[in-house]
>>> print(open('my_file_37.tsv').read())   # TSV, C-alpha atoms and all ligand atoms
chain	number	residue	atom	x	y	z
T	25	MET	CA	-78.87	176.11	-98.44
T	26	ASN	CA	-75.90	173.82	-98.74
T	27	VAL	CA	-72.24	174.53	-98.29
T	28	LEU	CA	-71.53	176.87	-101.19
T	29	ALA	CA	-67.84	177.41	-100.63
T	30	LEU	CA	-65.29	177.13	-97.91
T	31	GLY	CA	-62.89	180.00	-97.31
T	32	LEU	CA	-59.86	179.52	-95.13
T	33	LEU	CA	-57.65	182.06	-93.44
T	34	THR	CA	-54.90	180.81	-91.19
T	35	LEU	CA	-53.79	183.18	-88.46
T	36	ALA	CA	-50.74	182.99	-86.22
T	37	PRO	CA	-51.14	180.10	-83.79
T	38	PRO	CA	-51.75	181.12	-80.18
T	39	ALA	CA	-49.30	180.12	-77.50
T	40	ASP	CA	-50.19	177.65	-74.78
T	41	THR	CA	-53.98	177.50	-74.41
T	42	VAL	CA	-55.67	176.21	-71.25
T	43	LEU	CA	-59.16	174.89	-70.59
T	44	TYR	CA	-60.22	175.36	-66.98
T	45	GLN	CA	-63.04	173.07	-65.88
T	46	TYR	CA	-64.93	172.97	-62.60
T	47	SER	CA	-66.49	169.58	-61.82
T	48	VAL	CA	-67.60	167.06	-64.46
T	49	LEU	CA	-70.65	166.76	-66.68
T	50	ASP	CA	-71.45	163.39	-65.12
T	51	THR	CA	-72.13	165.06	-61.77
T	52	LEU	CA	-75.29	166.50	-63.39
T	53	ASN	CA	-76.33	163.01	-64.47
T	54	GLN	CA	-76.16	162.14	-60.76
T	55	ALA	CA	-78.36	165.12	-59.82
T	56	ASN	CA	-75.62	167.13	-58.04
T	57	TYR	CA	-76.86	170.56	-59.10
T	58	ASP	CA	-75.24	172.67	-56.39
T	59	GLY	CA	-71.57	173.58	-56.77
T	60	ALA	CA	-69.18	175.77	-54.78
T	61	LEU	CA	-67.60	177.86	-57.54
T	62	ASP	CA	-68.91	181.37	-58.16
T	63	LEU	CA	-68.74	183.41	-61.36
T	64	ALA	CA	-66.15	185.81	-59.95
T	65	HIS	CA	-63.67	182.94	-59.65
T	66	LEU	CA	-64.70	181.25	-62.90
T	67	LEU	CA	-64.15	184.47	-64.88
T	68	GLN	CA	-60.59	184.73	-63.56
T	69	ARG	CA	-59.87	181.53	-65.54
T	70	GLY	CA	-61.35	182.49	-68.90
T	71	ASP	CA	-63.56	184.71	-71.02
T	72	PHE	CA	-65.28	182.07	-73.19
T	73	GLY	CA	-67.14	179.01	-71.98
T	74	LEU	CA	-70.17	176.94	-71.13
T	75	GLY	CA	-71.92	175.47	-68.12
T	76	THR	CA	-74.98	175.77	-65.96
T	77	TYR	CA	-75.95	177.41	-62.66
T	78	ASN	CA	-76.84	175.98	-59.25
T	79	GLY	CA	-80.26	174.38	-59.25
T	80	LEU	CA	-79.77	173.83	-63.01
T	81	ASN	CA	-80.95	177.44	-63.24
T	82	GLY	CA	-80.54	177.90	-67.00
T	83	GLU	CA	-77.75	177.50	-69.55
T	84	MET	CA	-74.46	179.33	-68.98
T	85	ILE	CA	-72.75	181.17	-71.80
T	86	VAL	CA	-69.52	183.13	-71.19
T	87	LEU	CA	-68.64	185.34	-74.16
T	88	ASP	CA	-66.03	188.13	-74.27
T	89	GLY	CA	-65.76	187.88	-70.49
T	90	THR	CA	-69.47	188.47	-69.86
T	91	PRO	CA	-71.46	185.68	-68.18
T	92	TYR	CA	-74.99	185.07	-69.44
T	93	ARG	CA	-77.83	182.90	-68.17
T	94	ALA	CA	-80.46	181.68	-70.63
T	95	ASP	CA	-83.49	180.95	-68.46
T	96	GLY	CA	-86.25	178.38	-68.93
T	97	THR	CA	-87.97	180.67	-71.45
T	98	GLY	CA	-84.83	181.33	-73.52
T	99	THR	CA	-84.52	184.87	-72.13
T	100	LEU	CA	-80.98	186.09	-71.45
T	101	HIS	CA	-79.78	187.56	-68.14
T	102	VAL	CA	-76.40	188.66	-66.76
T	103	PRO	CA	-76.17	187.05	-63.30
T	104	ALA	CA	-74.42	188.59	-60.30
T	105	ARG	CA	-70.81	187.54	-59.77
T	106	ASP	CA	-71.75	185.51	-56.69
T	107	ALA	CA	-73.95	183.15	-58.75
T	108	ARG	CA	-72.60	179.62	-58.33
T	109	THR	CA	-72.17	176.74	-60.71
T	110	PRO	CA	-72.14	172.93	-60.37
T	111	PHE	CA	-70.35	172.50	-63.73
T	112	ALA	CA	-68.64	174.99	-66.03
T	113	PHE	CA	-65.57	175.28	-68.26
T	114	VAL	CA	-63.84	178.32	-69.74
T	115	THR	CA	-60.79	179.30	-71.74
T	116	ARG	CA	-59.17	182.51	-72.98
T	117	PHE	CA	-60.35	182.59	-76.56
T	118	ARG	CA	-57.97	183.68	-79.31
T	119	SER	CA	-58.69	182.62	-82.87
T	120	ALA	CA	-55.98	180.42	-84.37
T	121	GLU	CA	-57.82	179.65	-87.60
T	122	ARG	CA	-60.85	181.08	-89.35
T	123	VAL	CA	-63.30	179.21	-91.56
T	124	THR	CA	-66.04	181.04	-93.45
T	125	LEU	CA	-69.22	179.47	-94.81
T	126	PRO	CA	-71.64	181.38	-97.04
T	127	GLY	CA	-74.51	179.32	-95.72
T	128	VAL	CA	-75.49	176.03	-94.12
T	129	SER	CA	-78.97	174.78	-93.41
T	130	THR	CA	-78.28	172.38	-90.55
T	131	LEU	CA	-76.06	172.19	-87.50
T	132	SER	CA	-74.67	168.83	-88.65
T	133	THR	CA	-73.63	170.41	-91.98
T	134	LEU	CA	-71.76	173.14	-90.11
T	135	GLN	CA	-70.08	170.53	-87.92
T	136	ALA	CA	-69.14	168.44	-90.98
T	137	ALA	CA	-67.53	171.52	-92.54
T	138	VAL	CA	-65.49	172.20	-89.40
T	139	GLN	CA	-64.50	168.60	-88.60
T	140	PRO	CA	-61.76	168.28	-91.30
T	141	ARG	CA	-59.99	171.32	-89.79
T	142	LEU	CA	-59.66	169.65	-86.37
T	143	ARG	CA	-56.56	167.67	-85.47
T	144	VAL	CA	-57.47	164.17	-84.31
T	145	GLY	CA	-57.50	163.83	-80.53
T	146	LYS	CA	-57.36	167.59	-79.89
T	147	PRO	CA	-60.06	169.55	-78.06
T	148	TYR	CA	-61.07	172.88	-79.60
T	149	ALA	CA	-62.87	176.04	-78.59
T	150	ILE	CA	-65.09	177.19	-81.47
T	151	ARG	CA	-66.79	180.56	-81.97
T	152	VAL	CA	-69.47	180.86	-84.66
T	153	GLN	CA	-70.92	184.21	-85.71
T	154	GLY	CA	-73.47	184.91	-88.42
T	155	ARG	CA	-76.96	185.77	-89.58
T	156	CYS	CA	-79.35	183.02	-88.61
T	157	ASP	CA	-82.50	182.29	-90.57
T	158	ARG	CA	-83.40	179.87	-87.79
T	159	ILE	CA	-82.08	179.00	-84.35
T	160	LYS	CA	-83.57	176.18	-82.27
T	161	ALA	CA	-82.32	176.09	-78.69
T	162	ARG	CA	-83.24	174.62	-75.33
T	163	SER	CA	-82.95	175.32	-71.64
T	164	PHE	CA	-84.04	173.53	-68.49
T	165	PRO	CA	-86.54	174.90	-65.98
T	166	THR	CA	-85.01	175.68	-62.56
T	167	GLN	CA	-84.97	172.66	-60.26
T	168	THR	CA	-85.72	172.44	-56.57
T	169	PRO	CA	-84.53	169.69	-54.18
T	170	PRO	CA	-84.88	166.77	-54.07
T	171	TYR	CA	-83.20	166.87	-57.47
T	172	ARG	CA	-83.83	164.38	-60.24
T	173	PRO	CA	-80.95	163.24	-62.53
T	174	LEU	CA	-80.46	165.18	-65.76
T	175	PRO	CA	-81.54	162.34	-68.11
T	176	GLU	CA	-84.95	162.31	-66.36
T	177	LEU	CA	-85.32	166.05	-67.00
T	178	VAL	CA	-84.70	165.95	-70.76
T	179	PRO	CA	-88.43	165.40	-71.51
T	180	THR	CA	-89.18	168.56	-69.45
T	181	GLN	CA	-86.73	170.81	-71.33
T	182	ALA	CA	-88.20	173.84	-73.05
T	183	THR	CA	-87.28	174.46	-76.69
T	184	PHE	CA	-87.38	177.80	-78.50
T	185	GLU	CA	-87.05	178.98	-82.09
T	186	TRP	CA	-85.91	182.36	-83.30
T	187	ARG	CA	-85.82	183.55	-86.90
T	188	ASP	CA	-83.75	186.15	-88.71
T	189	ARG	CA	-81.41	186.97	-85.85
T	190	ARG	CA	-77.70	187.68	-85.77
T	191	ALA	CA	-76.08	185.50	-83.12
T	192	THR	CA	-72.82	184.25	-81.68
T	193	PHE	CA	-72.30	180.66	-80.56
T	194	VAL	CA	-69.81	179.63	-77.91
T	195	GLY	CA	-68.77	176.09	-78.73
T	196	PHE	CA	-66.34	173.30	-78.04
T	197	PHE	CA	-65.30	170.08	-79.67
T	198	MET	CA	-64.22	167.36	-77.23
T	199	PRO	CA	-62.63	164.06	-78.31
T	200	GLN	CA	-64.35	160.83	-77.30
T	201	TYR	CA	-61.72	160.18	-74.61
T	202	VAL	CA	-63.13	162.91	-72.36
T	203	GLY	CA	-65.86	160.36	-71.55
T	204	LYS	CA	-68.04	161.50	-68.64
T	205	MET	CA	-65.77	164.47	-67.81
T	206	ASN	CA	-67.36	166.66	-70.47
T	207	ALA	CA	-69.50	166.14	-73.58
T	208	PRO	CA	-67.70	164.29	-76.41
T	209	GLY	CA	-68.29	165.87	-79.83
T	210	PHE	CA	-69.58	169.36	-80.60
T	211	HIS	CA	-71.43	171.44	-77.98
T	212	PHE	CA	-72.72	174.97	-78.61
T	213	HIS	CA	-74.62	177.55	-76.58
T	214	GLY	CA	-75.71	180.71	-78.37
T	215	VAL	CA	-76.67	184.31	-77.64
T	216	THR	CA	-78.43	186.66	-80.06
T	217	ASP	CA	-76.53	189.84	-80.89
T	218	ASP	CA	-79.20	191.93	-79.16
T	219	ARG	CA	-78.42	189.83	-76.04
T	220	LYS	CA	-82.11	189.12	-75.46
T	221	ASN	CA	-82.18	185.35	-76.10
T	222	GLY	CA	-80.01	182.30	-75.78
T	223	GLY	CA	-79.73	178.62	-74.96
T	224	HIS	CA	-78.18	175.24	-75.74
T	225	LEU	CA	-78.13	174.94	-79.52
T	226	LEU	CA	-80.21	172.15	-81.07
T	227	GLU	CA	-80.52	173.26	-84.72
T	228	LEU	CA	-79.34	176.08	-86.92
T	229	GLU	CA	-79.67	177.70	-90.35
T	230	ILE	CA	-76.95	180.30	-90.77
T	231	ARG	CA	-75.59	182.59	-93.51
T	232	ASP	CA	-72.26	184.38	-93.74
T	233	ALA	CA	-70.92	182.22	-90.92
T	234	VAL	CA	-67.53	183.16	-89.51
T	235	ILE	CA	-66.10	180.25	-87.53
T	236	ASP	CA	-63.01	180.74	-85.37
T	237	LEU	CA	-61.11	177.74	-84.02
T	238	MET	CA	-58.67	177.52	-81.12
T	239	PRO	CA	-56.96	174.22	-80.24
T	240	ILE	CA	-56.64	173.58	-76.52
T	241	ASP	CA	-53.24	172.48	-75.22
T	242	ARG	CA	-53.71	172.04	-71.48
T	243	PHE	CA	-56.46	171.14	-69.02
T	244	GLU	CA	-56.85	172.51	-65.50
T	245	PHE	CA	-59.40	170.61	-63.46
T	246	GLU	CA	-61.02	171.56	-60.18
T	247	PHE	CA	-62.80	168.83	-58.23
T	248	PRO	CA	-66.45	169.45	-57.37
T	249	LEU	CA	-67.89	170.10	-53.96
T	250	GLY	CA	-69.49	166.64	-54.05
T	251	GLY	CA	-72.92	165.36	-53.17
T	252	VAL	CA	-74.58	164.87	-49.81
T	253	PRO	CA	-72.17	163.05	-47.43
T	254	GLY	CA	-73.15	159.39	-47.13
T	255	SER	CA	-75.33	159.46	-50.24
T	256	GLY	CA	-72.70	157.42	-52.08
T	257	ARG	CA	-73.10	159.55	-55.18
T	301	ZN	ZN	-75.30	172.65	-73.35
>>> encode(input="my_file_37.tsv", output="structure tokens", more="lines below")
Ligand SMILES: [Zn+2]
Amino acid sequence: MNVLALGLLTLAPPADTVLYQYSVLDTLNQANYDGALDLAHLLQRGDFGLGTYNGLNGEMIVLDGTPYRADGTGTLHVPARDARTPFAFVTRFRSAERVTLPGVSTLSTLQAAVQPRLRVGKPYAIRVQGRCDRIKARSFPTQTPPYRPLPELVPTQATFEWRDRRATFVGFFMPQYVGKMNAPGFHFHGVTDDRKNGGHLLELEIRDAVIDLMPIDRFEFEFPLGGVPGSGR
């Protein structure tokens, strides 16, 4: 499938939108996998977002105010509200613009279709819903101390494929200037509509895709707990 057509529907723009972020992505690259923020506090700041859990215990997906954890087998769980995170970011999602795509056969094609709608230098929250012929996703196995940095764990990540599933993807686009704070470019985590499976999205074939975009106006940052005192990390 290629892009067959592009339908656009512009809705009323939302008022001031805020991205709340706890810690920075780079802290994971330095193997700081234990944070101080729990889900109860995170969910006060938003209903839509991404992250991970302490011990790198799966991929975090927050959708419609419900927190999910995709474990190392791609199975979805709803963690208790006292589950903690070393890195997460959420916003209150309200669609400002809708893009529809009859079908795309790759994630990069979907991203290329969305990119022209994004204002240069603006971060966006992006929700994608549709019927997926194929979803390829990943998650990390739970880590135990002493932790190894995230780049060393990439070869150990587990990947999964699901076919013919309806799914929703919680995504963001971050400009290059976010640097090590977050992940520049597109970043999606998905959950199947039956809420049985999920993970960090690697590849996608989707039909009847409904893509909702929300530009982000403000950024609220909370500093992390930090690493072991004296470790210099
Ligand atoms: Zn991810």
>>> residues_near_ligand(input="my_file_37.tsv", ligand="ligand ZN 301 (chain T)", cutoff="12 Å", atoms="all atoms listed in the file", output="ChimeraX atom specification")
/T:49,52,73-77,80,82-85,93-94,111-113,161-164,174,178,181,193-196,206-214,222-226
>>> residues_around(input="my_file_37.tsv", residues="Ala60 (chain T)", least_positions_apart="4", cutoff="7 Å", atoms="all atoms listed in the file", output="list in words")
Arg108, Thr109, Pro110 and Leu249 of chain T
>>> write_last_selection(input="my_file_37.tsv", atoms="C-alpha atoms", output="PDB file, in the frame of the given file")
ATOM      1  CA  ARG T 108     -72.600 179.620 -58.330  1.00  0.00           C
ATOM      2  CA  THR T 109     -72.170 176.740 -60.710  1.00  0.00           C
ATOM      3  CA  PRO T 110     -72.140 172.930 -60.370  1.00  0.00           C
ATOM      4  CA  LEU T 249     -67.890 170.100 -53.960  1.00  0.00           C
TER       5      LEU T 249
END
>>> atom_distance(input="my_file_37.tsv", atom1="CA of Ala137 (chain T)", atom2="CA of Thr41 (chain T)")
23.4 Å
>>> residues_around(input="my_file_37.tsv", residues="Arg158 (chain T)", least_positions_apart="6", cutoff="12 Å", atoms="all atoms listed in the file", output="count of residues only")
21
>>> atom_distance(input="my_file_37.tsv", atom1="CA of Asp217 (chain T)", atom2="CA of Thr166 (chain T)")
24.7 Å
>>> atom_distance(input="my_file_37.tsv", atom1="CA of Ala149 (chain T)", atom2="CA of Val202 (chain T)")
14.5 Å
>>> residues_around(input="my_file_37.tsv", residues="Phe243 (chain T)", least_positions_apart="3", cutoff="9 Å", atoms="all atoms listed in the file", output="PyMOL selection string")
chain T and resi 41-45+240
>>> write_last_selection(input="my_file_37.tsv", atoms="C-alpha atoms", output="PDB file, in the frame of the given file")
ATOM      1  CA  THR T  41     -53.980 177.500 -74.410  1.00  0.00           C
ATOM      2  CA  VAL T  42     -55.670 176.210 -71.250  1.00  0.00           C
ATOM      3  CA  LEU T  43     -59.160 174.890 -70.590  1.00  0.00           C
ATOM      4  CA  TYR T  44     -60.220 175.360 -66.980  1.00  0.00           C
ATOM      5  CA  GLN T  45     -63.040 173.070 -65.880  1.00  0.00           C
ATOM      6  CA  ILE T 240     -56.640 173.580 -76.520  1.00  0.00           C
TER       7      ILE T 240
END
>>> residues_around(input="my_file_37.tsv", residues="Phe117 (chain T)", least_positions_apart="6", cutoff="9 Å", atoms="all atoms listed in the file", output="ChimeraX atom specification")
/T:41,70-73,88,149-151,237-238
>>> closest_residue(input="my_file_37.tsv", among="T:Ile235, T:Leu66, T:Leu100, T:Leu87", to="Gln135 (chain T)", atoms="all atoms listed in the file")
T:Ile235
>>> closest_residue(input="my_file_37.tsv", among="T:Arg141, T:Lys204, T:Arg122, T:Arg219", to="Val234 (chain T)", atoms="only C-alpha atoms")
T:Arg122
>>> residues_near_point(input="my_file_37.tsv", point="(-67.9, 183.3, -60.3)", cutoff="10 Å", atoms="all atoms listed in the file", output="list in words")
Ala60, Leu61, Asp62, Leu63, Ala64, His65, Leu66, Leu67, Gln68, Arg69, Pro91, Pro103, Ala104, Arg105, Asp106, Ala107, Arg108 and Thr109 of chain T
